[in-house]
Amino acid sequence: MIQKIKAVVSHRQAEASIRNHERHEADILNFLPDATFAIDKTGTVIAWNHAMEKMTGIKLSEILGKGNYEYSFQLYHERRPMLIDLILAPDVQFEKDRYLYTIHDSTNLTAESILEKPDGTQVNIWEKASLFFNEIGNLTGAIESIRDINEHRQLEEGLRQSERRYYNLYRDSTLGIFHSTLDGRFIDVNPAFARLLGYASPEETVATITSIADQVYFEPPQYDAVAKAALDAGGVLNTITRYRRKDGALWYGNLHLHIVTDKNGTPSHYEGFVEDITKRKRLEEELTRSMHQLGEAMDLAHLVNWEFDVATATFTFDDRFYALLGTTADREGGYLMKAETYVREFLHPDDQHILDEEVKRALETTNPDYQSAVVHRIIRRDGEVRYIIVKIRVTKDAQGRTIKTYGANQDITDLKRAEEKLQRSEERFRSVLDNSSDVIYRQNLQTRHYEYYSPSCTALYGFSPQEMIDMDEREARERVHPDDRARLDAALTHLTDSGHEQVDIRWKIRSGEYRWLSAVMTLVKDPSGKHLYRDGFVRDITERKNAELLLVESEKKYRWLLEGLHDSVLVHRDTRILYLNPACEKMLGYPRDALLGQSIMMLVPPELREMVANASRKRMAGETFEPYELDLIRGDDSRISVIMSGNLVVFEGAPASINLIIDISSRKRAGQALQESEKRLYSIYNTVEDVIFQLKVEPNEQYRFTSVNLAFSRVTGLPAEHVIGRNVNEIIPEPSLTTVLEKYRQAIKEKAIVHWEEISNYPTGQLTGDVSVAPIFDETGNCSHLIGSVHDITERKRAENALNQANRKLNLLSGITRHDITNQLTTLQGYLAILEMNRNDPNFKEYLQKAKTTAEHISATIKFTKEYESIGVNAPVWQDCRVLVDTAATQVPLDEVMMINDLPAGTEVFADPLVQKVFYNLIDNARRYGGSGMTKIRFFSSETGNGLILSCEDNGDGITGEDKKRLFERGFGKNTGLGLFLSREILSITGITITENGVPGKGARFEIMVPEGAYRIADAQ
């Protein structure tokens, strides 16, 4: 009985253990995130987890124990084998037909397929089926897990599209983009960078350039400096660098460099882009040179400037002024100084009355153009007394009171001292001439006679100074050795151009002996460049010449040694090549005759010439230094790297530099290329200067912004968050929008990049851009996106508009001038016809005079055309209005009309050179249309708060109200109808306007309004 009880208890314990095990397995199955179910060998469902219920909507209780592919019906809506069936009963053809791929191993089967949901959408699913066995190893069924991978596939597709978009940006950008290794080789470059460097393609660029430092950087050491600066700046650097094109031409680039690191933070390579700023850089350099030259000019002239405020009695000085006083702004408490302090500390006490009198005159003068100059002494901080000349001008207020004086001081101490020393210097110079052992002479080139010979000529020539002065040129030349006369004639010819020459000749002295003479000749000219004198300095070099002849013989003995050397040897003097051996000839790739007599600098790259020139000068001065490395240019324009060493020797009778040159080109090495990445392209996208944007192409020709770079917001003033997601018609204003949409359609239709110029108004102002748009197509051939870039050409277009305006005015001038000449010719022909018909007419002389006057007018007009044929090309200039009126009055026959020119002398306007034609037209119009009662024409001026008014007034008939409305229209008038129209056009070039404000019946009154800054009242003198 007990045993039966124990057996029952044991059986129930076993059943409980099995139930616990089953519940544990069910919990594990439900915990799995993937949809999972299992079947036995008969295809009956024995497991169905929560994820499976969620995917199919079928509860475990509804499907457990069912077969006949009930599980597949819930997923595929048909009863068919699934992966779980195929692992139990393989069917290779079914796998190929129903699955994208399958992967088999010993007990598992993995596949991917497309599942269609009840709503008609399709999703990608991943499936894995496995066999399972009981505890004794028998096959009992199979289990399958299903995972929705649709989102993963969409991410992969998005990544591929992103890579395509960034590649198109990289390829089509107008900026040079590159990736390079840390040791200085290009990994890749885009087409724009290849063009900047002068290569035909990116492939040629990467293959040809083995050293960025040597082949791209104009100064190779700058490459390492830029790399270090980028590292010190945290891996990102923006700098301006000089580069070299393939043909050696220099260009400037704005470099944006980024150091790319690996996952450990270690630098792996460089990426960046370069913008060509050569034009801008050259303009900046020209401005810097101009400012530097101005400063140097002031320093050379010892000029300093100052200002004085009358109300506060305070001077304003700058650093140059304080340098003149021997002090600094810090020492004196700043750049402002009270007048009493300046007088007490720096003005010489004996000269105070000079300054007091000048200040009084400046304050009391009523002349707004007052200027003066006084000389007085100053005492510098170190106690030195110096002389200065002070030039003073004044500034008046509206009431005519002097409120400011200003001017410039010039240190003339040296001039004062030079005047005192001049006489002593002349006495000493005469003493030197008379006692020099070398012969000094002067020849008057106007009379061809010698005016002076130093006494030393007696010892050298055997002739007294007077005998040498009396000797004519013919006899002096006959005493030159016949072999040396051609050399002397050549030196005299060169002297005319160079102004200074040296020549060695043999000259027969009184005893009949030939002596070697070294003659140095200098031309003396007057300010106009006319040759006045030839001054000469002659030294006896007979002993030196004899020694040189012996040295030449010695050189011949040793030259054959150099010819046999395998090393390259080159000899030069002052960089002029004198000798090179055959080995050097072969290394440099030049025949010897092509190099002899040439400068060694033709072999040296431009960036190294200063270094080589300095080395040459030091060596010729006797200094020694270690061998140095440089590049040389061969005859085929290729470069070789060499080590050059040298010493100073005597060659052909004079010091020269002999150099040993060793070719080390084979030692140069370079790295290998790496692959580009999306991260690099994204970095470039947001650092380029040009605007770049991306549009999504939507139905009904809608284009929506999906991305803009940082330059978009900077150039347009529109924040990126206000642009992305919005349609183009919400961002781009009309009338640009219509053109933009048309270009988008064109790019999609032609499947090509489309370029155009666009003018649009944005928060930053009106911009003109060079726009490029490229279409991006998906796998189905539909355009999905547009990639665009905009290069700002606003400044360039403004320059083009200015040029067009200048050309229009030039065409206008040509038409006006032809009309003037035609009218004058018609008049001349009329007078000549009258003369022909009335030879005995008592008015014959009067007609003849009028014909002559008309001919003179034609001549003046032709001359005027010649003078201003370059209208619009020459810049406006300052011109004296009084002189212009006087000149114009001589070109118009005034007869009995009185010409009154009340314009102040020195009244100048900044205008086109054709402004003289304006004054001519005003006088000519008054004379033609003023009527018989007109007796005078008057010019005068007046200043207003807006500028200067130049008035031309007559007392003739005046101009009617109707005529005033069309007075300045082209073609309106009784003569050519172009005079006043031309006048208005000429004046408008510099912002000057002209109006007619006369009263009809009382005379015409033309007023020319010159704005502030376009006129000045200069000193009458």
# chains A, B, ... in the order shown; residues from 1 in each chain; ligands from 1
$ select_by_dssp --residues "range 165-372 of chain A" --states "strand (DSSP E)" --output "PyMOL selection string"
chain A and resi 176-180+186-189+236-244+250-261+267-276+303-309+314-316+336-338+371-372
$ select_by_dssp --residues "range 249-429 of chain A" --states "alpha helix (DSSP H)" --output "ChimeraX atom specification"
/A:278-300,319-324,329-332,339-346,352-364,413-429
$ residues_around --residues "range 119-124 of chain A" --least-positions-apart "5" --cutoff "12 Å" --atoms "only C-alpha atoms" --output "PyMOL selection string"
chain A and resi 75-76+99-100+111-114+146-154
$ closest_residue --among "A:Arg380, A:His755, A:His449, A:Lys749" --to "Gly781 in chain A" --atoms "only C-alpha atoms"
A:Lys749
$ closest_residue --among "A:Asp91, A:Met521, A:Ala1014, A:Arg401" --to "Ala311 in chain A" --atoms "only C-alpha atoms"
A:Arg401
$ residues_around --residues "Leu32 in chain A" --least-positions-apart "5" --cutoff "10 Å" --atoms "only C-alpha atoms" --output "list in words"
Asp27, Asn49, His50, Ala51 and Ser145 of chain A
$ atom_distance --atom1 "CA of Arg619 in chain A" --atom2 "CA of Gly646 in chain A"
8.0 Å
$ residues_around --residues "Asn997 in chain A" --least-positions-apart "5" --cutoff "8 Å" --atoms "only C-alpha atoms" --output "ChimeraX atom specification"
/A:1004-1007
$ write_last_selection --atoms "N, CA and C atoms" --output "tab-separated table (two decimals), in the first residue's frame"
chain	number	residue	atom	x	y	z
A	1004	ALA	N	18.54	133.06	-71.15
A	1004	ALA	CA	18.68	131.67	-70.68
A	1004	ALA	C	19.64	131.64	-69.49
A	1005	ARG	N	19.43	130.65	-68.62
A	1005	ARG	CA	20.32	130.48	-67.45
A	1005	ARG	C	20.46	128.97	-67.20
A	1006	PHE	N	21.62	128.43	-67.57
A	1006	PHE	CA	21.91	127.01	-67.34
A	1006	PHE	C	22.69	126.88	-66.03
A	1007	GLU	N	22.25	125.94	-65.17
A	1007	GLU	CA	22.90	125.73	-63.87
A	1007	GLU	C	23.42	124.29	-63.79
